[in-house]
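Below you'll find the structure, written out as structure tokens, and then a few comments.
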Amino acid sequence: MSVTALVARSNRVMIHQKKELLEMVTDFEGRNRYSLKDDNGAEIGYAAEESGGISGALLRSFMGRARAMTIHLYDTQRQKIGRVVKPFAFFFPTAEIYSGEEHIGGVEKLWTMFLPQVRVRDAQGQARFTLKRRFLRREFVVSDTSGRQVGLIAKKWGGALKEMFTDADSFGVEFSDPGLTENDRALLVASTFFIDCLFFDGR
């Protein structure tokens with residue numbers, strides 16, 4: 001299975017971050033791990049940041065969002081089906097997205113004066129979507145190249161008590177345009193990990 005096949009039949013994908021116990025009781029940043037569910041709540045896959053051992057833990061703690069990062073995606077049988085690769089960057093971070101071993105596109109943070117924006121590219125490097133953060137909301141509106149809204153990526157709260165003890169993130173990725181291709185959906189799901197790293201990780 002590939003990432004594209006994983007998300008092909010869902011109108012919405014929920015991404016739940018799983019915080020490690022050490023990170024829940026200290027300020028030490030453990031590696032990011034996630035479970036993926038479809039719009040019926042059925043688990044459809046997993047994702048995990050490559051640990052990198054002790055050096056990886058130090059990079060996560062001290063370099064934060066600037067660090068190099070690889071998120072591996074797995075199906076429910078724990079078979080690798082894709083990855084998101086983000087190089088080290090203090091400014092203008094980018095990431096490349098793979099479904100299986102096929103490069104299907106990338107994502108990059110744009111320079112803006114105010115609200116953050118992210119561009120999603122296809123495999124040929126052409127702009128496919130722009131993700132614009134809404135004012136005072138933890139949501140990114142997904143627009144195609146004509147400016148038409150075709151989806152939404154939103155951080156969901158896990159309840160007030162949960163937020164008091166852990167900054168674990170849950171995201172909803174909604175596909176509002178039925179014309180989105182499997183590659184489009186896979187790119188938007190993969191872009192959510194990039195958004196989490198840049199704007200929500202450790203916050």
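Residue numbers start at 1 in each chain; chains themselves are named A, B, ... in the order of the structure tokens; ligands are numbered from 1 in the order shown.
The protein and nucleic acid residues lying at most 9 Å from A:Gly100 are Met1, Ser2, Val3, Thr4, Lys80, Ile81, Gly82, Arg83, Tyr98, Glu102 and His103 of chain A, with only C-alpha atoms considered and sequence neighbours fewer than 2 positions away removed.
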(Q) With only C-alpha atoms as the counted atoms, please give the residues lying no more than 6 Å from stretch 112-117 of chain A, apart from itself and same-chain residues fewer than 2 positions off, as a ChimeraX atom specification. (A) /A:110,131-133
**Q.** Polymer residues at most 8 Å from stretch 64-79 of chain A, only C-alpha atoms, same-chain spacing of 5 or more positions, as JSON, numbers by chain
**A.** {"A": [1, 3, 6, 43, 44, 45, 46, 47, 48, 49, 50, 59, 84, 85, 86, 87, 88, 89, 90, 91, 93, 193, 197, 198, 201]}
Please identify all polymer residues within 10 Å of A:Arg185, counting only C-alpha atoms, omitting same-chain residues fewer than 3 positions from it, and present them as a tab-separated table (two decimals) with C-alpha atoms, in the first residue's frame.
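Output contents, as saved in selection-v8.tsv:
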chain	number	residue	atom	x	y	z
A	3	VAL	CA	0.13	6.87	1.21
A	4	THR	CA	-2.05	7.80	-1.75
A	5	ALA	CA	-4.09	4.59	-1.39
A	6	LEU	CA	-4.30	5.08	2.39
A	7	VAL	CA	-6.25	8.34	2.13
A	8	ALA	CA	-8.06	7.74	-1.17
A	9	ARG	CA	-11.46	6.85	0.28
A	10	SER	CA	-11.75	9.31	3.18
A	11	ASN	CA	-13.36	12.75	3.18
A	12	ARG	CA	-11.53	13.54	6.40
A	13	VAL	CA	-8.40	12.20	8.06
A	151	GLY	CA	-10.03	21.79	2.12
A	173	VAL	CA	-7.64	17.23	7.46
A	174	GLU	CA	-10.83	17.82	5.49
A	175	PHE	CA	-11.16	17.36	1.73
A	180	LEU	CA	-9.04	16.15	-5.33
A	181	THR	CA	-6.81	13.35	-6.57
A	182	GLU	CA	-5.20	10.66	-4.39
A	188	LEU	CA	-2.24	17.56	2.28
A	189	VAL	CA	-2.03	14.84	4.95
A	190	ALA	CA	1.77	14.85	4.75
A	191	SER	CA	1.82	18.67	4.92
